[in-house]
Each structure stands twice: as C-alpha cells, then as structure tokens.
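J.: Just one file: structure-v9.txt, with compact mmCIF, N, CA and C atoms.
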```txt
# COMPACT_ATOMS: atom_id res chain seq x y z
N MET A 25 0.83 -1.18 0.00
CA MET A 25 0.00 0.00 0.00
C MET A 25 0.87 1.24 0.00
N ALA A 26 0.55 2.22 -0.79
CA ALA A 26 1.36 3.43 -0.89
C ALA A 26 1.04 4.37 0.25
N GLN A 27 2.07 5.08 0.69
CA GLN A 27 1.88 6.10 1.69
C GLN A 27 1.45 7.38 0.99
N SER A 28 1.06 8.38 1.78
CA SER A 28 0.59 9.63 1.18
C SER A 28 1.69 10.37 0.44
N ASP A 29 2.96 10.10 0.73
CA ASP A 29 4.03 10.79 0.03
C ASP A 29 4.42 10.10 -1.26
N GLY A 30 3.68 9.06 -1.66
CA GLY A 30 3.94 8.39 -2.92
C GLY A 30 4.95 7.26 -2.82
N GLN A 31 5.50 7.03 -1.63
CA GLN A 31 6.47 5.95 -1.45
C GLN A 31 5.74 4.71 -0.95
N PRO A 32 6.18 3.52 -1.36
CA PRO A 32 5.57 2.30 -0.85
C PRO A 32 5.75 2.24 0.66
N ALA A 33 4.85 1.51 1.32
CA ALA A 33 4.95 1.33 2.76
C ALA A 33 6.34 0.81 3.09
N GLY A 34 6.93 1.32 4.15
CA GLY A 34 8.26 0.87 4.52
C GLY A 34 9.24 2.02 4.58
N GLY A 35 8.82 3.22 4.19
CA GLY A 35 9.69 4.37 4.34
C GLY A 35 10.16 4.94 3.03
N PRO A 36 10.78 6.12 3.10
CA PRO A 36 11.26 6.78 1.90
C PRO A 36 12.47 6.06 1.31
N GLU A 37 12.72 6.35 0.06
CA GLU A 37 13.85 5.75 -0.63
C GLU A 37 15.14 6.43 -0.19
N PRO A 38 16.26 5.75 -0.31
CA PRO A 38 17.54 6.39 0.00
C PRO A 38 17.77 7.60 -0.90
N ASP A 39 18.67 8.48 -0.48
CA ASP A 39 18.93 9.72 -1.23
C ASP A 39 19.37 9.46 -2.66
N HIS A 40 20.04 8.36 -2.94
CA HIS A 40 20.55 8.11 -4.29
C HIS A 40 19.48 7.53 -5.22
N PHE A 41 18.30 7.25 -4.70
CA PHE A 41 17.22 6.71 -5.53
C PHE A 41 16.68 7.83 -6.41
N ARG A 42 16.54 7.57 -7.70
CA ARG A 42 16.04 8.57 -8.64
C ARG A 42 14.84 7.99 -9.36
N HIS A 43 13.74 8.74 -9.37
CA HIS A 43 12.57 8.27 -10.10
C HIS A 43 12.89 8.24 -11.58
N SER A 44 12.47 7.19 -12.25
CA SER A 44 12.82 6.98 -13.65
C SER A 44 12.27 8.06 -14.56
N TYR A 45 11.10 8.61 -14.24
CA TYR A 45 10.49 9.59 -15.14
C TYR A 45 11.29 10.88 -15.21
N THR A 46 12.23 11.09 -14.30
CA THR A 46 12.99 12.33 -14.32
C THR A 46 13.85 12.45 -15.56
N LYS A 47 14.12 11.34 -16.25
CA LYS A 47 14.93 11.42 -17.46
C LYS A 47 14.18 12.14 -18.58
N ASP A 48 12.85 12.16 -18.53
CA ASP A 48 12.07 12.88 -19.54
C ASP A 48 11.02 13.77 -18.87
N ARG A 49 11.41 14.37 -17.78
CA ARG A 49 10.49 15.22 -17.04
C ARG A 49 9.97 16.36 -17.90
N ALA A 50 10.85 16.97 -18.71
CA ALA A 50 10.43 18.10 -19.56
C ALA A 50 9.36 17.66 -20.55
N GLY A 51 9.49 16.47 -21.12
CA GLY A 51 8.49 15.96 -22.05
C GLY A 51 7.15 15.71 -21.38
N LEU A 52 7.20 15.18 -20.17
CA LEU A 52 5.96 14.96 -19.43
C LEU A 52 5.28 16.29 -19.08
N VAL A 53 6.07 17.26 -18.68
CA VAL A 53 5.51 18.57 -18.34
C VAL A 53 4.90 19.22 -19.58
N ARG A 54 5.55 19.08 -20.75
CA ARG A 54 4.97 19.62 -21.98
C ARG A 54 3.62 18.96 -22.28
N ARG A 55 3.55 17.65 -22.13
CA ARG A 55 2.28 16.95 -22.36
C ARG A 55 1.20 17.47 -21.40
N LEU A 56 1.56 17.64 -20.14
CA LEU A 56 0.59 18.13 -19.16
C LEU A 56 0.15 19.56 -19.48
N SER A 57 1.06 20.37 -19.98
CA SER A 57 0.70 21.74 -20.37
C SER A 57 -0.29 21.72 -21.52
N ARG A 58 -0.08 20.81 -22.48
CA ARG A 58 -1.04 20.70 -23.59
C ARG A 58 -2.40 20.26 -23.05
N MET A 59 -2.40 19.37 -22.07
CA MET A 59 -3.68 18.93 -21.49
C MET A 59 -4.38 20.08 -20.79
N GLU A 60 -3.61 20.95 -20.12
CA GLU A 60 -4.22 22.14 -19.50
C GLU A 60 -4.92 22.97 -20.56
N GLY A 61 -4.28 23.12 -21.70
CA GLY A 61 -4.89 23.86 -22.81
C GLY A 61 -6.15 23.18 -23.30
N GLN A 62 -6.12 21.85 -23.36
CA GLN A 62 -7.32 21.13 -23.78
C GLN A 62 -8.47 21.37 -22.79
N VAL A 63 -8.18 21.35 -21.51
CA VAL A 63 -9.21 21.58 -20.50
C VAL A 63 -9.80 22.98 -20.65
N ARG A 64 -8.94 23.98 -20.84
CA ARG A 64 -9.43 25.34 -21.03
C ARG A 64 -10.29 25.44 -22.30
N GLY A 65 -9.88 24.73 -23.34
CA GLY A 65 -10.66 24.72 -24.57
C GLY A 65 -12.02 24.10 -24.38
N ILE A 66 -12.08 23.02 -23.63
CA ILE A 66 -13.37 22.37 -23.34
C ILE A 66 -14.25 23.31 -22.52
N ALA A 67 -13.65 24.00 -21.56
CA ALA A 67 -14.43 24.96 -20.76
C ALA A 67 -15.01 26.06 -21.65
N ARG A 68 -14.21 26.55 -22.59
CA ARG A 68 -14.73 27.58 -23.52
C ARG A 68 -15.87 27.03 -24.36
N MET A 69 -15.73 25.79 -24.80
CA MET A 69 -16.80 25.17 -25.60
C MET A 69 -18.11 25.13 -24.80
N ILE A 70 -17.99 24.78 -23.53
CA ILE A 70 -19.20 24.72 -22.68
C ILE A 70 -19.77 26.11 -22.47
N GLU A 71 -18.89 27.08 -22.21
CA GLU A 71 -19.36 28.46 -22.03
C GLU A 71 -20.07 28.98 -23.28
N ARG A 72 -19.60 28.57 -24.45
CA ARG A 72 -20.21 29.00 -25.71
C ARG A 72 -21.38 28.11 -26.13
N GLU A 73 -21.68 27.13 -25.28
CA GLU A 73 -22.79 26.21 -25.51
C GLU A 73 -22.66 25.50 -26.86
N GLU A 74 -21.45 25.00 -27.12
CA GLU A 74 -21.22 24.27 -28.36
C GLU A 74 -21.88 22.90 -28.32
N TYR A 75 -21.93 22.28 -29.47
CA TYR A 75 -22.60 21.00 -29.65
C TYR A 75 -22.02 19.93 -28.73
N CYS A 76 -22.90 19.20 -28.06
CA CYS A 76 -22.51 18.20 -27.06
C CYS A 76 -21.52 17.17 -27.60
N VAL A 77 -21.76 16.68 -28.80
CA VAL A 77 -20.90 15.64 -29.36
C VAL A 77 -19.49 16.19 -29.57
N ASP A 78 -19.37 17.45 -29.97
CA ASP A 78 -18.05 18.05 -30.14
C ASP A 78 -17.31 18.11 -28.79
N ILE A 79 -18.05 18.44 -27.74
CA ILE A 79 -17.45 18.49 -26.40
C ILE A 79 -17.03 17.09 -25.97
N LEU A 80 -17.88 16.11 -26.23
CA LEU A 80 -17.55 14.73 -25.87
C LEU A 80 -16.32 14.23 -26.63
N GLN A 81 -16.18 14.63 -27.87
CA GLN A 81 -14.99 14.25 -28.64
C GLN A 81 -13.73 14.85 -28.01
N GLN A 82 -13.84 16.07 -27.54
CA GLN A 82 -12.69 16.71 -26.91
C GLN A 82 -12.36 16.07 -25.55
N THR A 83 -13.40 15.68 -24.81
CA THR A 83 -13.13 15.01 -23.53
C THR A 83 -12.51 13.63 -23.78
N ALA A 84 -12.89 12.97 -24.85
CA ALA A 84 -12.27 11.68 -25.19
C ALA A 84 -10.79 11.88 -25.55
N ALA A 85 -10.49 12.95 -26.28
CA ALA A 85 -9.10 13.25 -26.62
C ALA A 85 -8.30 13.57 -25.36
N LEU A 86 -8.91 14.28 -24.43
CA LEU A 86 -8.24 14.60 -23.16
C LEU A 86 -7.97 13.32 -22.37
N ARG A 87 -8.94 12.43 -22.31
CA ARG A 87 -8.76 11.16 -21.60
C ARG A 87 -7.62 10.37 -22.23
N ALA A 88 -7.54 10.35 -23.56
CA ALA A 88 -6.46 9.63 -24.24
C ALA A 88 -5.10 10.24 -23.89
N ALA A 89 -5.05 11.57 -23.80
CA ALA A 89 -3.80 12.24 -23.45
C ALA A 89 -3.39 11.90 -22.01
N VAL A 90 -4.35 11.89 -21.11
CA VAL A 90 -4.07 11.53 -19.71
C VAL A 90 -3.59 10.07 -19.64
N ASP A 91 -4.26 9.20 -20.37
CA ASP A 91 -3.84 7.79 -20.39
C ASP A 91 -2.43 7.63 -20.93
N ALA A 92 -2.07 8.41 -21.94
CA ALA A 92 -0.73 8.32 -22.53
C ALA A 92 0.34 8.71 -21.50
N VAL A 93 0.08 9.77 -20.74
CA VAL A 93 1.02 10.17 -19.69
C VAL A 93 1.10 9.08 -18.63
N SER A 94 -0.03 8.52 -18.26
CA SER A 94 -0.04 7.46 -17.26
C SER A 94 0.80 6.27 -17.71
N VAL A 95 0.66 5.89 -18.96
CA VAL A 95 1.43 4.76 -19.49
C VAL A 95 2.92 5.07 -19.47
N LEU A 96 3.30 6.27 -19.87
CA LEU A 96 4.72 6.64 -19.85
C LEU A 96 5.30 6.58 -18.45
N VAL A 97 4.57 7.12 -17.47
CA VAL A 97 5.05 7.09 -16.09
C VAL A 97 5.09 5.66 -15.58
N LEU A 98 4.09 4.86 -15.91
CA LEU A 98 4.07 3.46 -15.49
C LEU A 98 5.25 2.69 -16.09
N GLU A 99 5.50 2.89 -17.38
CA GLU A 99 6.64 2.21 -18.02
C GLU A 99 7.95 2.59 -17.33
N ASP A 100 8.13 3.88 -17.08
CA ASP A 100 9.35 4.31 -16.42
C ASP A 100 9.45 3.75 -15.00
N HIS A 101 8.31 3.68 -14.31
CA HIS A 101 8.29 3.15 -12.95
C HIS A 101 8.72 1.68 -12.95
N VAL A 102 8.17 0.92 -13.86
CA VAL A 102 8.50 -0.51 -13.91
C VAL A 102 9.96 -0.71 -14.33
N GLN A 103 10.39 0.02 -15.35
CA GLN A 103 11.75 -0.15 -15.85
C GLN A 103 12.80 0.41 -14.89
N GLY A 104 12.44 1.36 -14.07
CA GLY A 104 13.41 1.97 -13.16
C GLY A 104 13.18 1.60 -11.72
N CYS A 105 12.10 2.10 -11.15
CA CYS A 105 11.85 1.92 -9.73
C CYS A 105 11.67 0.45 -9.36
N VAL A 106 10.84 -0.26 -10.10
CA VAL A 106 10.58 -1.66 -9.78
C VAL A 106 11.84 -2.50 -10.01
N ARG A 107 12.54 -2.20 -11.10
CA ARG A 107 13.79 -2.93 -11.37
C ARG A 107 14.80 -2.70 -10.24
N THR A 108 14.93 -1.45 -9.80
CA THR A 108 15.85 -1.14 -8.70
C THR A 108 15.43 -1.88 -7.43
N ALA A 109 14.13 -1.88 -7.17
CA ALA A 109 13.63 -2.59 -5.99
C ALA A 109 13.93 -4.09 -6.09
N ALA A 110 13.79 -4.65 -7.27
CA ALA A 110 14.08 -6.08 -7.46
C ALA A 110 15.55 -6.36 -7.18
N GLU A 111 16.41 -5.47 -7.65
CA GLU A 111 17.85 -5.65 -7.40
C GLU A 111 18.16 -5.61 -5.91
N ARG A 112 17.35 -4.89 -5.15
CA ARG A 112 17.54 -4.78 -3.70
C ARG A 112 16.79 -5.87 -2.94
N GLY A 113 16.06 -6.71 -3.66
CA GLY A 113 15.27 -7.75 -3.01
C GLY A 113 13.96 -7.23 -2.43
N GLU A 114 13.48 -6.09 -2.91
CA GLU A 114 12.26 -5.45 -2.40
C GLU A 114 11.16 -5.39 -3.45
N ALA A 115 11.20 -6.26 -4.42
CA ALA A 115 10.28 -6.16 -5.56
C ALA A 115 8.82 -6.38 -5.18
N ASP A 116 8.54 -7.25 -4.24
CA ASP A 116 7.15 -7.62 -3.94
C ASP A 116 6.28 -6.41 -3.62
N LYS A 117 6.74 -5.52 -2.76
CA LYS A 117 5.88 -4.38 -2.40
C LYS A 117 5.66 -3.45 -3.58
N TYR A 118 6.66 -3.32 -4.45
CA TYR A 118 6.51 -2.47 -5.63
C TYR A 118 5.60 -3.12 -6.68
N VAL A 119 5.76 -4.41 -6.86
CA VAL A 119 4.91 -5.13 -7.83
C VAL A 119 3.46 -5.05 -7.37
N ASP A 120 3.21 -5.30 -6.10
CA ASP A 120 1.84 -5.20 -5.58
C ASP A 120 1.27 -3.80 -5.78
N GLU A 121 2.10 -2.80 -5.54
CA GLU A 121 1.67 -1.41 -5.71
C GLU A 121 1.30 -1.13 -7.17
N VAL A 122 2.12 -1.60 -8.11
CA VAL A 122 1.84 -1.40 -9.54
C VAL A 122 0.55 -2.10 -9.93
N ILE A 123 0.38 -3.32 -9.49
CA ILE A 123 -0.85 -4.06 -9.82
C ILE A 123 -2.06 -3.32 -9.28
N ASP A 124 -1.97 -2.85 -8.05
CA ASP A 124 -3.10 -2.12 -7.46
C ASP A 124 -3.42 -0.84 -8.24
N VAL A 125 -2.41 -0.07 -8.61
CA VAL A 125 -2.68 1.19 -9.31
C VAL A 125 -3.21 0.92 -10.72
N VAL A 126 -2.73 -0.11 -11.39
CA VAL A 126 -3.26 -0.44 -12.72
C VAL A 126 -4.71 -0.88 -12.60
N ARG A 127 -5.01 -1.68 -11.62
CA ARG A 127 -6.41 -2.12 -11.44
C ARG A 127 -7.32 -0.93 -11.14
N ARG A 128 -6.86 -0.01 -10.29
CA ARG A 128 -7.68 1.19 -9.99
C ARG A 128 -7.86 2.03 -11.25
N THR A 129 -6.81 2.15 -12.05
CA THR A 129 -6.89 2.93 -13.28
C THR A 129 -7.91 2.33 -14.24
N LEU A 130 -7.97 1.01 -14.25
CA LEU A 130 -8.93 0.33 -15.11
C LEU A 130 -10.32 0.24 -14.48
N GLY A 131 -10.45 0.77 -13.26
CA GLY A 131 -11.73 0.75 -12.58
C GLY A 131 -12.08 -0.60 -11.99
N ARG A 132 -11.05 -1.40 -11.71
CA ARG A 132 -11.29 -2.74 -11.17
C ARG A 132 -10.44 -2.99 -9.93
N PRO A 133 -10.72 -2.27 -8.83
CA PRO A 133 -9.92 -2.52 -7.64
C PRO A 133 -10.14 -3.94 -7.14
N VAL A 134 -9.06 -4.57 -6.73
CA VAL A 134 -9.12 -5.93 -6.23
C VAL A 134 -8.34 -5.98 -4.94
N SER A 135 -8.92 -6.55 -3.91
CA SER A 135 -8.22 -6.66 -2.64
C SER A 135 -7.18 -7.76 -2.72
N ARG A 136 -6.18 -7.67 -1.89
CA ARG A 136 -5.11 -8.67 -1.86
C ARG A 136 -5.65 -10.07 -1.60
N SER A 137 -6.68 -10.18 -0.79
CA SER A 137 -7.20 -11.49 -0.44
C SER A 137 -7.84 -12.21 -1.63
N SER A 138 -8.23 -11.47 -2.67
CA SER A 138 -8.87 -12.12 -3.81
C SER A 138 -7.87 -12.48 -4.90
N ARG A 139 -6.61 -12.09 -4.72
CA ARG A 139 -5.59 -12.45 -5.70
C ARG A 139 -5.14 -13.87 -5.49
N THR A 140 -4.81 -14.50 -6.59
CA THR A 140 -4.23 -15.83 -6.49
C THR A 140 -2.77 -15.75 -6.84
N GLY A 141 -2.00 -16.69 -6.37
CA GLY A 141 -0.61 -16.68 -6.76
C GLY A 141 0.23 -16.64 -5.61
```
In structure tokens, what does this structure look like?
T.:
Amino acid sequence: MAQSDGQPAGGPEPDHFRHSYTKDRAGLVRRLSRMEGQVRGIARMIEREEYCVDILQQTAALRAAVDAVSVLVLEDHVQGCVRTAAERGEADKYVDEVIDVVRRTLGRPVSRSSRTG
C-alpha cells in the first residue's frame, strides 16, 4: 500500500534513488501543459454552448492524453523503480503497488485477499 508521500509502505527511498520519469520530465511537463490547454478549450466550448458531441470528442481526446502520460510514467516506474527494488530484493511491495494502481486505473480494484498466486 502506498503512503501519502507516494512511497511504498516501509519508508522513503535512499537519497541516491532517482525516479525513472525524471529522465524525460520536460516531455511529461509539456504533455501536461497541452492537457491544461485542452481543459481550457473544453471549458470555452461549454461556455459558448457548443454541440454536445463536439465536447464529448474533446473530452475523449483529453482522456487519451491523460492515459498516454499514465502509461509513460508506469513504463518508467517498472523499468526503473521496480527494477531497482528487485535488485535490492524489495520487488514484492513495488509489484503489488503497480498491480493495485493499474487495477484502480482500469476501474477494477481488487483486494489482496482475492488475488491468487
């Protein structure tokens, strides 16, 4: 289970631990800035009472953009953070955390007791 500071239960990472997404932080921030623009655009569409289907198309595009950022961060997390944890013999708590967040993202939370394996 993740703590409120984003670290898995068990305490913060050592000082030399680096989150994998930091290698492309600027790219992620650019994507998020574009999403901010999309949100403002959708708000303007609603203020101007534009056609519902056009608004829904824009919200679908926004959702796809959010999903793309999520996938990039997840890939970096698995390739960096989880791999580092595995090298330290701490993979289980990170793997469980990734499974839980992916399930929540897909709208299918599953408790540990219902998992097999």
J.: When you draw a straight line from atom C of Leu80 of chain A to atom CA of Met59 of chain A, how long is it in Å?
T.: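 Interatomic distance here is 14.4 Å.
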J.: What separation in Å, quoted to one decimal, exists between atom CA of Asp48 of chain A and atom CA of Asp91 of chain A?
T.: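 Answer for the atom CA of Asp48 of chain A to atom CA of Asp91 of chain A separation: 16.7 Å.
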J.: Write out as a tab-separated table (two decimals) with N, CA and C atoms, keeping the file's coordinate frame the residues lying within 12 Å of segment 85-88 of chain A, counting only C-alpha atoms and excluding same-chain residues fewer than 4 positions away.
T.:
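Done, and the output landed in around-v8.tsv:
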```tsv
chain	number	residue	atom	x	y	z
A	55	ARG	N	3.55	17.65	-22.13
A	55	ARG	CA	2.28	16.95	-22.36
A	55	ARG	C	1.20	17.47	-21.40
A	56	LEU	N	1.56	17.64	-20.14
A	56	LEU	CA	0.59	18.13	-19.16
A	56	LEU	C	0.15	19.56	-19.48
A	57	SER	N	1.06	20.37	-19.98
A	57	SER	CA	0.70	21.74	-20.37
A	57	SER	C	-0.29	21.72	-21.52
A	58	ARG	N	-0.08	20.81	-22.48
A	58	ARG	CA	-1.04	20.70	-23.59
A	58	ARG	C	-2.40	20.26	-23.05
A	59	MET	N	-2.40	19.37	-22.07
A	59	MET	CA	-3.68	18.93	-21.49
A	59	MET	C	-4.38	20.08	-20.79
A	60	GLU	N	-3.61	20.95	-20.12
A	60	GLU	CA	-4.22	22.14	-19.50
A	60	GLU	C	-4.92	22.97	-20.56
A	61	GLY	N	-4.28	23.12	-21.70
A	61	GLY	CA	-4.89	23.86	-22.81
A	61	GLY	C	-6.15	23.18	-23.30
A	62	GLN	N	-6.12	21.85	-23.36
A	62	GLN	CA	-7.32	21.13	-23.78
A	62	GLN	C	-8.47	21.37	-22.79
A	63	VAL	N	-8.18	21.35	-21.51
A	63	VAL	CA	-9.21	21.58	-20.50
A	63	VAL	C	-9.80	22.98	-20.65
A	64	ARG	N	-8.94	23.98	-20.84
A	64	ARG	CA	-9.43	25.34	-21.03
A	64	ARG	C	-10.29	25.44	-22.30
A	65	GLY	N	-9.88	24.73	-23.34
A	65	GLY	CA	-10.66	24.72	-24.57
A	65	GLY	C	-12.02	24.10	-24.38
A	66	ILE	N	-12.08	23.02	-23.63
A	66	ILE	CA	-13.37	22.37	-23.34
A	66	ILE	C	-14.25	23.31	-22.52
A	78	ASP	N	-19.37	17.45	-29.97
A	78	ASP	CA	-18.05	18.05	-30.14
A	78	ASP	C	-17.31	18.11	-28.79
A	79	ILE	N	-18.05	18.44	-27.74
A	79	ILE	CA	-17.45	18.49	-26.40
A	79	ILE	C	-17.03	17.09	-25.97
A	80	LEU	N	-17.88	16.11	-26.23
A	80	LEU	CA	-17.55	14.73	-25.87
A	80	LEU	C	-16.32	14.23	-26.63
A	81	GLN	N	-16.18	14.63	-27.87
A	81	GLN	CA	-14.99	14.25	-28.64
A	81	GLN	C	-13.73	14.85	-28.01
A	92	ALA	N	-2.07	8.41	-21.94
A	92	ALA	CA	-0.73	8.32	-22.53
A	92	ALA	C	0.34	8.71	-21.50
A	93	VAL	N	0.08	9.77	-20.74
A	93	VAL	CA	1.02	10.17	-19.69
A	93	VAL	C	1.10	9.08	-18.63
A	94	SER	N	-0.03	8.52	-18.26
A	94	SER	CA	-0.04	7.46	-17.26
A	94	SER	C	0.80	6.27	-17.71
A	95	VAL	N	0.66	5.89	-18.96
A	95	VAL	CA	1.43	4.76	-19.49
A	95	VAL	C	2.92	5.07	-19.47
A	129	THR	N	-6.81	2.15	-12.05
A	129	THR	CA	-6.89	2.93	-13.28
A	129	THR	C	-7.91	2.33	-14.24
```
J.: Please report the interatomic distance between atom C of Val125 of chain A and atom CA of Arg107 of chain A in Å with one decimal.
T.: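 For atom C of Val125 of chain A relative to atom CA of Arg107 of chain A, the distance reads 17.4 Å.
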J.: Give the helix (DSSP H, G or I) residues of segment 38-140 of chain A, as assigned by DSSP on the backbone, as a PyMOL selection string.
T.: chain A and resi 44-71+76-111+115-129+136-138
